[in-house]
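Chemist: my_file.pdb (PDB, C-alpha atoms, pLDDT in the B column) pasted underneath:
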ATOM      1  CA  MET A   1     110.164 193.208  28.501  1.00 38.00           C
ATOM      2  CA  LEU A   2     107.875 193.670  31.508  1.00 39.00           C
ATOM      3  CA  VAL A   3     107.721 197.101  33.083  1.00 41.00           C
ATOM      4  CA  ASN A   4     107.298 197.284  36.828  1.00 42.00           C
ATOM      5  CA  SER A   5     105.485 200.583  37.299  1.00 43.00           C
ATOM      6  CA  PRO A   6     103.369 201.732  40.259  1.00 48.00           C
ATOM      7  CA  LEU A   7     100.325 201.353  38.031  1.00 47.00           C
ATOM      8  CA  SER A   8     101.097 197.731  37.196  1.00 49.00           C
ATOM      9  CA  GLU A   9     101.675 196.932  40.895  1.00 53.00           C
ATOM     10  CA  GLU A  10      98.346 198.505  41.791  1.00 53.00           C
ATOM     11  CA  THR A  11      96.597 196.688  38.970  1.00 46.00           C
ATOM     12  CA  ASN A  12      98.206 193.400  39.990  1.00 49.00           C
ATOM     13  CA  ARG A  13      97.153 193.948  43.612  1.00 51.00           C
ATOM     14  CA  GLU A  14      93.564 194.678  42.486  1.00 54.00           C
ATOM     15  CA  VAL A  15      93.456 191.580  40.267  1.00 50.00           C
ATOM     16  CA  ARG A  16      94.908 189.461  43.059  1.00 53.00           C
ATOM     17  CA  THR A  17      92.280 190.763  45.483  1.00 59.00           C
ATOM     18  CA  ARG A  18      89.451 190.097  43.031  1.00 59.00           C
ATOM     19  CA  SER A  19      90.712 186.603  42.206  1.00 59.00           C
ATOM     20  CA  GLU A  20      91.052 185.761  45.901  1.00 60.00           C
ATOM     21  CA  ALA A  21      87.425 186.820  46.437  1.00 59.00           C
ATOM     22  CA  VAL A  22      86.342 184.625  43.547  1.00 57.00           C
ATOM     23  CA  ASP A  23      88.470 181.783  44.886  1.00 87.00           C
ATOM     24  CA  ASP A  24      86.771 182.086  48.292  1.00 91.00           C
ATOM     25  CA  ALA A  25      83.343 181.930  46.696  1.00 91.00           C
ATOM     26  CA  VAL A  26      84.417 178.996  44.545  1.00 92.00           C
ATOM     27  CA  MET A  27      85.872 177.158  47.548  1.00 93.00           C
ATOM     28  CA  ARG A  28      82.635 177.645  49.494  1.00 93.00           C
ATOM     29  CA  ASP A  29      80.772 176.190  46.503  1.00 94.00           C
ATOM     30  CA  VAL A  30      83.231 173.290  46.278  1.00 94.00           C
ATOM     31  CA  LEU A  31      82.661 172.525  49.963  1.00 93.00           C
ATOM     32  CA  LYS A  32      78.899 172.346  49.369  1.00 94.00           C
ATOM     33  CA  ALA A  33      79.241 170.333  46.165  1.00 95.00           C
ATOM     34  CA  VAL A  34      81.496 167.715  47.722  1.00 95.00           C
ATOM     35  CA  ALA A  35      79.293 167.441  50.818  1.00 93.00           C
ATOM     36  CA  ALA A  36      76.268 166.871  48.558  1.00 94.00           C
ATOM     37  CA  ARG A  37      78.045 164.021  46.765  1.00 94.00           C
ATOM     38  CA  VAL A  38      79.150 162.141  49.862  1.00 95.00           C
ATOM     39  CA  LYS A  39      76.606 159.418  50.501  1.00 95.00           C
ATOM     40  CA  ARG A  40      77.132 159.106  54.237  1.00 97.00           C
ATOM     41  CA  VAL A  41      79.050 160.721  57.096  1.00 98.00           C
ATOM     42  CA  ASP A  42      79.506 158.432  60.099  1.00 98.00           C
ATOM     43  CA  ARG A  43      80.516 159.743  63.549  1.00 97.00           C
ATOM     44  CA  ASP A  44      79.918 156.527  65.485  1.00 96.00           C
ATOM     45  CA  HIS A  45      83.404 155.011  65.325  1.00 95.00           C
ATOM     46  CA  ASP A  46      87.001 155.360  66.491  1.00 93.00           C
ATOM     47  CA  ILE A  47      89.060 156.682  63.577  1.00 93.00           C
ATOM     48  CA  PRO A  48      92.792 157.313  63.999  1.00 87.00           C
ATOM     49  CA  TYR A  49      94.044 160.538  62.393  1.00 87.00           C
ATOM     50  CA  THR A  50      90.582 162.048  63.083  1.00 93.00           C
ATOM     51  CA  ALA A  51      88.851 160.991  59.864  1.00 96.00           C
ATOM     52  CA  GLY A  52      88.928 158.376  57.120  1.00 97.00           C
ATOM     53  CA  TYR A  53      86.794 156.713  54.488  1.00 98.00           C
ATOM     54  CA  SER A  54      85.265 153.381  53.620  1.00 97.00           C
ATOM     55  CA  GLN A  55      86.941 151.106  51.100  1.00 97.00           C
ATOM     56  CA  ASN A  56      84.290 151.913  48.488  1.00 97.00           C
ATOM     57  CA  GLY A  57      84.444 155.653  49.273  1.00 96.00           C
ATOM     58  CA  GLU A  58      80.734 155.942  50.006  1.00 96.00           C
ATOM     59  CA  THR A  59      81.191 156.725  53.711  1.00 98.00           C
ATOM     60  CA  ILE A  60      83.369 159.366  55.310  1.00 98.00           C
ATOM     61  CA  TYR A  61      84.194 158.492  58.908  1.00 98.00           C
ATOM     62  CA  ILE A  62      84.866 161.192  61.489  1.00 97.00           C
ATOM     63  CA  ASP A  63      86.045 160.037  64.903  1.00 95.00           C
ATOM     64  CA  ARG A  64      83.202 159.968  67.409  1.00 94.00           C
ATOM     65  CA  HIS A  65      85.253 162.081  69.844  1.00 93.00           C
ATOM     66  CA  MET A  66      86.026 164.870  67.374  1.00 96.00           C
ATOM     67  CA  PRO A  67      84.061 168.025  68.244  1.00 96.00           C
ATOM     68  CA  ARG A  68      81.551 169.000  65.555  1.00 95.00           C
ATOM     69  CA  SER A  69      82.327 172.691  65.884  1.00 95.00           C
ATOM     70  CA  HIS A  70      84.757 175.165  67.372  1.00 96.00           C
ATOM     71  CA  ALA A  71      84.775 178.876  68.195  1.00 95.00           C
ATOM     72  CA  PHE A  72      87.083 180.782  65.856  1.00 93.00           C
ATOM     73  CA  GLY A  73      87.387 184.508  66.440  1.00 90.00           C
ATOM     74  CA  GLY A  74      84.252 184.581  68.542  1.00 92.00           C
ATOM     75  CA  ARG A  75      82.027 182.688  66.102  1.00 94.00           C
ATOM     76  CA  ARG A  76      81.121 179.037  66.262  1.00 96.00           C
ATOM     77  CA  VAL A  77      81.945 177.154  63.060  1.00 95.00           C
ATOM     78  CA  GLU A  78      80.905 173.612  62.202  1.00 95.00           C
ATOM     79  CA  THR A  79      84.081 171.843  61.102  1.00 96.00           C
ATOM     80  CA  ASP A  80      82.849 168.505  59.736  1.00 97.00           C
ATOM     81  CA  ALA A  81      82.544 169.869  56.188  1.00 97.00           C
ATOM     82  CA  PHE A  82      86.274 170.639  56.071  1.00 98.00           C
ATOM     83  CA  LEU A  83      87.152 167.102  57.169  1.00 98.00           C
ATOM     84  CA  VAL A  84      84.682 165.619  54.687  1.00 98.00           C
ATOM     85  CA  LEU A  85      86.225 167.687  51.886  1.00 98.00           C
ATOM     86  CA  HIS A  86      89.718 166.475  52.792  1.00 98.00           C
ATOM     87  CA  GLU A  87      88.740 162.806  52.981  1.00 98.00           C
ATOM     88  CA  ALA A  88      86.595 162.838  49.821  1.00 98.00           C
ATOM     89  CA  ILE A  89      89.349 164.478  47.765  1.00 98.00           C
ATOM     90  CA  GLU A  90      92.009 162.159  49.163  1.00 98.00           C
ATOM     91  CA  LYS A  91      89.954 159.041  48.397  1.00 98.00           C
ATOM     92  CA  ALA A  92      89.076 160.243  44.879  1.00 97.00           C
ATOM     93  CA  LEU A  93      92.737 160.931  44.098  1.00 98.00           C
ATOM     94  CA  LEU A  94      93.739 157.488  45.349  1.00 97.00           C
ATOM     95  CA  ASP A  95      91.018 155.621  43.480  1.00 97.00           C
ATOM     96  CA  GLU A  96      90.444 157.667  40.348  1.00 97.00           C
ATOM     97  CA  LEU A  97      93.935 158.933  39.570  1.00 97.00           C
ATOM     98  CA  GLY A  98      95.962 156.215  41.254  1.00 97.00           C
ATOM     99  CA  LEU A  99      98.057 158.671  43.257  1.00 97.00           C
ATOM    100  CA  ASN A 100      99.937 157.389  46.257  1.00 95.00           C
ATOM    101  CA  TYR A 101      98.691 158.361  49.691  1.00 95.00           C
ATOM    102  CA  ILE A 102     101.254 161.069  50.481  1.00 96.00           C
ATOM    103  CA  HIS A 103     100.466 162.934  47.246  1.00 97.00           C
ATOM    104  CA  ALA A 104      96.705 162.541  47.664  1.00 97.00           C
ATOM    105  CA  HIS A 105      96.949 163.659  51.289  1.00 97.00           C
ATOM    106  CA  GLN A 106      98.942 166.790  50.449  1.00 97.00           C
ATOM    107  CA  ILE A 107      96.472 167.866  47.755  1.00 97.00           C
ATOM    108  CA  ALA A 108      93.546 167.173  50.084  1.00 97.00           C
ATOM    109  CA  LEU A 109      95.228 169.121  52.884  1.00 97.00           C
ATOM    110  CA  ARG A 110      95.765 172.135  50.627  1.00 96.00           C
ATOM    111  CA  SER A 111      92.118 171.960  49.540  1.00 96.00           C
ATOM    112  CA  GLU A 112      91.022 171.760  53.168  1.00 97.00           C
ATOM    113  CA  ARG A 113      93.149 174.797  53.976  1.00 96.00           C
ATOM    114  CA  ALA A 114      91.699 176.786  51.076  1.00 95.00           C
ATOM    115  CA  ALA A 115      88.162 175.962  52.235  1.00 96.00           C
ATOM    116  CA  VAL A 116      88.963 176.914  55.843  1.00 96.00           C
ATOM    117  CA  GLU A 117      90.461 180.233  54.759  1.00 95.00           C
ATOM    118  CA  ALA A 118      87.545 180.874  52.387  1.00 95.00           C
ATOM    119  CA  HIS A 119      85.331 180.791  55.467  1.00 95.00           C
ATOM    120  CA  GLY A 120      87.403 183.509  57.110  1.00 94.00           C
ATOM    121  CA  ILE A 121      89.196 181.196  59.527  1.00 96.00           C
ATOM    122  CA  ALA A 122      92.928 181.522  60.062  1.00 96.00           C
ATOM    123  CA  TRP A 123      94.612 178.247  59.122  1.00 96.00           C
ATOM    124  CA  ARG A 124      96.861 178.322  62.211  1.00 97.00           C
ATOM    125  CA  ASP A 125      93.758 178.455  64.460  1.00 97.00           C
ATOM    126  CA  TYR A 126      91.978 175.646  62.629  1.00 97.00           C
ATOM    127  CA  ASP A 127      95.149 173.550  62.468  1.00 96.00           C
ATOM    128  CA  ARG A 128      95.731 174.043  66.204  1.00 95.00           C
ATOM    129  CA  PHE A 129      92.147 172.905  66.891  1.00 95.00           C
ATOM    130  CA  THR A 130      92.484 169.791  64.717  1.00 94.00           C
ATOM    131  CA  GLN A 131      95.964 168.886  65.984  1.00 92.00           C
ATOM    132  CA  GLN A 132      94.828 169.080  69.613  1.00 89.00           C
ATOM    133  CA  ASN A 133      92.042 166.658  68.804  1.00 89.00           C
ATOM    134  CA  VAL A 134      94.233 164.394  66.670  1.00 87.00           C
ATOM    135  CA  LYS A 135      96.512 163.963  69.674  1.00 69.00           C
ATOM    136  CA  SER A 136      93.693 163.075  72.074  1.00 74.00           C
ATOM    137  CA  ILE A 137      92.079 160.789  69.484  1.00 71.00           C
ATOM    138  CA  ALA A 138      95.440 159.083  68.847  1.00 70.00           C
ATOM    139  CA  ASP A 139      95.718 158.315  72.560  1.00 71.00           C
ATOM    140  CA  GLU A 140      92.319 156.620  72.742  1.00 75.00           C
ATOM    141  CA  ARG A 141      91.804 152.888  72.760  1.00 80.00           C
ATOM    142  CA  LEU A 142      90.246 151.633  69.555  1.00 86.00           C
ATOM    143  CA  THR A 143      87.014 149.883  70.467  1.00 86.00           C
ATOM    144  CA  LYS A 144      84.640 150.766  67.624  1.00 90.00           C
ATOM    145  CA  VAL A 145      86.313 150.541  64.212  1.00 93.00           C
ATOM    146  CA  PRO A 146      84.220 150.158  61.047  1.00 95.00           C
ATOM    147  CA  ASN A 147      84.959 146.905  59.260  1.00 94.00           C
ATOM    148  CA  ASP A 148      85.121 148.654  55.879  1.00 96.00           C
ATOM    149  CA  LEU A 149      87.601 151.395  56.881  1.00 96.00           C
ATOM    150  CA  ASP A 150      90.154 151.895  54.105  1.00 96.00           C
ATOM    151  CA  LEU A 151      93.512 151.084  55.693  1.00 94.00           C
ATOM    152  CA  THR A 152      95.606 152.570  52.856  1.00 93.00           C
ATOM    153  CA  PRO A 153      96.738 155.644  54.836  1.00 92.00           C
ATOM    154  CA  TYR A 154      98.040 153.526  57.719  1.00 89.00           C
ATOM    155  CA  ARG A 155      99.838 151.104  55.365  1.00 89.00           C
ATOM    156  CA  GLU A 156     101.420 153.821  53.254  1.00 88.00           C
ATOM    157  CA  GLU A 157     102.467 155.855  56.302  1.00 86.00           C
ATOM    158  CA  GLN A 158     103.986 152.620  57.614  1.00 85.00           C
ATOM    159  CA  ASP A 159     102.116 153.118  60.875  1.00 83.00           C
ATOM    160  CA  PHE A 160     102.248 149.384  61.536  1.00 87.00           C
ATOM    161  CA  ALA A 161     101.433 149.610  65.246  1.00 86.00           C
ATOM    162  CA  ARG A 162      98.240 151.550  64.486  1.00 85.00           C
ATOM    163  CA  LEU A 163      97.464 149.224  61.582  1.00 88.00           C
ATOM    164  CA  GLN A 164      97.702 146.183  63.887  1.00 89.00           C
ATOM    165  CA  GLN A 165      95.421 147.886  66.424  1.00 88.00           C
ATOM    166  CA  LEU A 166      92.887 148.633  63.697  1.00 90.00           C
ATOM    167  CA  ILE A 167      92.919 145.079  62.340  1.00 89.00           C
ATOM    168  CA  ALA A 168      92.544 143.655  65.852  1.00 89.00           C
ATOM    169  CA  ALA A 169      89.639 146.014  66.600  1.00 87.00           C
ATOM    170  CA  ILE A 170      87.919 145.106  63.308  1.00 87.00           C
ATOM    171  CA  ARG A 171      88.278 141.390  64.070  1.00 75.00           C
ATOM    172  CA  VAL A 172      86.779 141.858  67.554  1.00 71.00           C
ATOM    173  CA  ASP A 173      83.873 143.843  66.088  1.00 62.00           C
ATOM    174  CA  GLU A 174      83.235 141.169  63.426  1.00 62.00           C
ATOM    175  CA  GLY A 175      83.699 138.340  65.955  1.00 52.00           C
TER     176      GLY A 175
END
What does the file become when written as structure tokens?
Modeler:
Amino acid sequence: MLVNSPLSEETNREVRTRSEAVDDAVMRDVLKAVAARVKRVDRDHDIPYTAGYSQNGETIYIDRHMPRSHAFGGRRVETDAFLVLHEAIEKALLDELGLNYIHAHQIALRSERAAVEAHGIAWRDYDRFTQQNVKSIADERLTKVPNDLDLTPYREEQDFARLQQLIAAIRVDEG
């Protein structure tokens, strides 16, 4: 039988605080490790949903209109690493574990959030920043789409209108 005493609450709080500090350090290391393994980050194209990846997973694409940094709490933070982490994890889960997109995306999103918070950024502030840019990027006309963009997310989200726009833009670029 577990005893809920003031001492055990205090001890639990202390352990939780220590483990969160370790988790932050680990997440900062994960961010660096993943970034070091990505062969190429490309910011020269139009990428719906802000970011994506090549079919072979060697390139992470970030939309050319997405700001590279943002001021959070008075300090400027480069945000590309968080997007790269998300996309690299998502692609690895799709390819290596055979997960479907929605599962891979949710795990990648939670990893992105943990990395953002490990850098002392409130998730709601970061999410607001990304969502504002997702909306403006979604409204843009697709003129520069990489011909090796993995279209899995658009197919599995059944975003057929966006998928048709992407395919048309790829054909024009190849033409």
Chemist: Taking the file as I've supplied it (selection: the PyMOL selection byres ((chain A and resi 113) around 12)), which residues are included? Please answer as a PyMOL selection string.
Modeler: chain A and resi 24+27-28+31+79+81-83+85-86+106-112+114-127+130
Chemist: For the atom pair atom CA of Tyr61 of chain A and atom CA of Arg43 of chain A, what is the interatomic distance in Å to one decimal place?
Modeler: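 According to the coordinates, atom CA of Tyr61 of chain A and atom CA of Arg43 of chain A are separated by 6.1 Å.
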Chemist: Quote the spacing between atom CA of Asp159 of chain A and atom CA of Ala138 of chain A in Å to one decimal place.
Modeler: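 Going from atom CA of Asp159 of chain A over to atom CA of Ala138 of chain A covers 12.0 Å.
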Chemist: May I ask for the distance between atom CA of Asp44 of chain A and atom CA of Asp29 of chain A, given in Å to one decimal place?
Modeler: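 One can read the atom CA of Asp44 of chain A to atom CA of Asp29 of chain A distance as 27.3 Å.
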Chemist: When the PyMOL selection byres ((chain A and resi 55) around 7) is applied to the file above, which residues end up in the set, as a list in words?
Modeler: Tyr53, Ser54, Asn56, Gly57, Asp148, Leu149 and Asp150 of chain A
Chemist: List the neighbours of Leu142 of chain A out to 12 Å using only C-alpha atoms; skip same-chain residues closer than 4 positions along the sequence, and give me the result as a list in words.
Modeler: His45, Asp46, Ile47, Pro48, Asp63, Arg64, His65, Ile137, Ala138, Pro146, Arg162, Leu163, Gln164, Gln165, Leu166, Ile167, Ala168, Ala169, Ile170, Arg171, Val172 and Asp173 of chain A
Chemist: Write the residues you've just listed into a file as a compact mmCIF listing (two decimals), in the frame of the given file, and include C-alpha atoms for each of them.
Modeler:
# COMPACT_ATOMS: atom_id res chain seq x y z
CA HIS A 45 83.40 155.01 65.32
CA ASP A 46 87.00 155.36 66.49
CA ILE A 47 89.06 156.68 63.58
CA PRO A 48 92.79 157.31 64.00
CA ASP A 63 86.04 160.04 64.90
CA ARG A 64 83.20 159.97 67.41
CA HIS A 65 85.25 162.08 69.84
CA ILE A 137 92.08 160.79 69.48
CA ALA A 138 95.44 159.08 68.85
CA PRO A 146 84.22 150.16 61.05
CA ARG A 162 98.24 151.55 64.49
CA LEU A 163 97.46 149.22 61.58
CA GLN A 164 97.70 146.18 63.89
CA GLN A 165 95.42 147.89 66.42
CA LEU A 166 92.89 148.63 63.70
CA ILE A 167 92.92 145.08 62.34
CA ALA A 168 92.54 143.66 65.85
CA ALA A 169 89.64 146.01 66.60
CA ILE A 170 87.92 145.11 63.31
CA ARG A 171 88.28 141.39 64.07
CA VAL A 172 86.78 141.86 67.55
CA ASP A 173 83.87 143.84 66.09
Chemist: Edge lengths and centre in Å to one decimal, as lines of an AutoDock Vina configuration file, is what I'm after for the box along x, y and z that holds all listed atoms of segment 68-81 of chain A once 8 Å is added on each side.
Modeler:
center_x = 84.1
center_y = 176.5
center_z = 62.4
size_x = 22.5
size_y = 32.1
size_z = 28.4
Chemist: Here is a test: counting all atoms listed in the file, which residue of A:Ile89, A:Asn133, A:Ile62, A:Arg37 is nearest to Tyr101 of chain A?
Modeler: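 Closest residue, counting all atoms listed in the file: A:Ile89.
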Chemist: Between A:Phe129, A:Ala161, A:Glu156, A:Glu96, which has the minimum distance to Phe72 of chain A (counting only C-alpha atoms)?
Modeler: A:Phe129
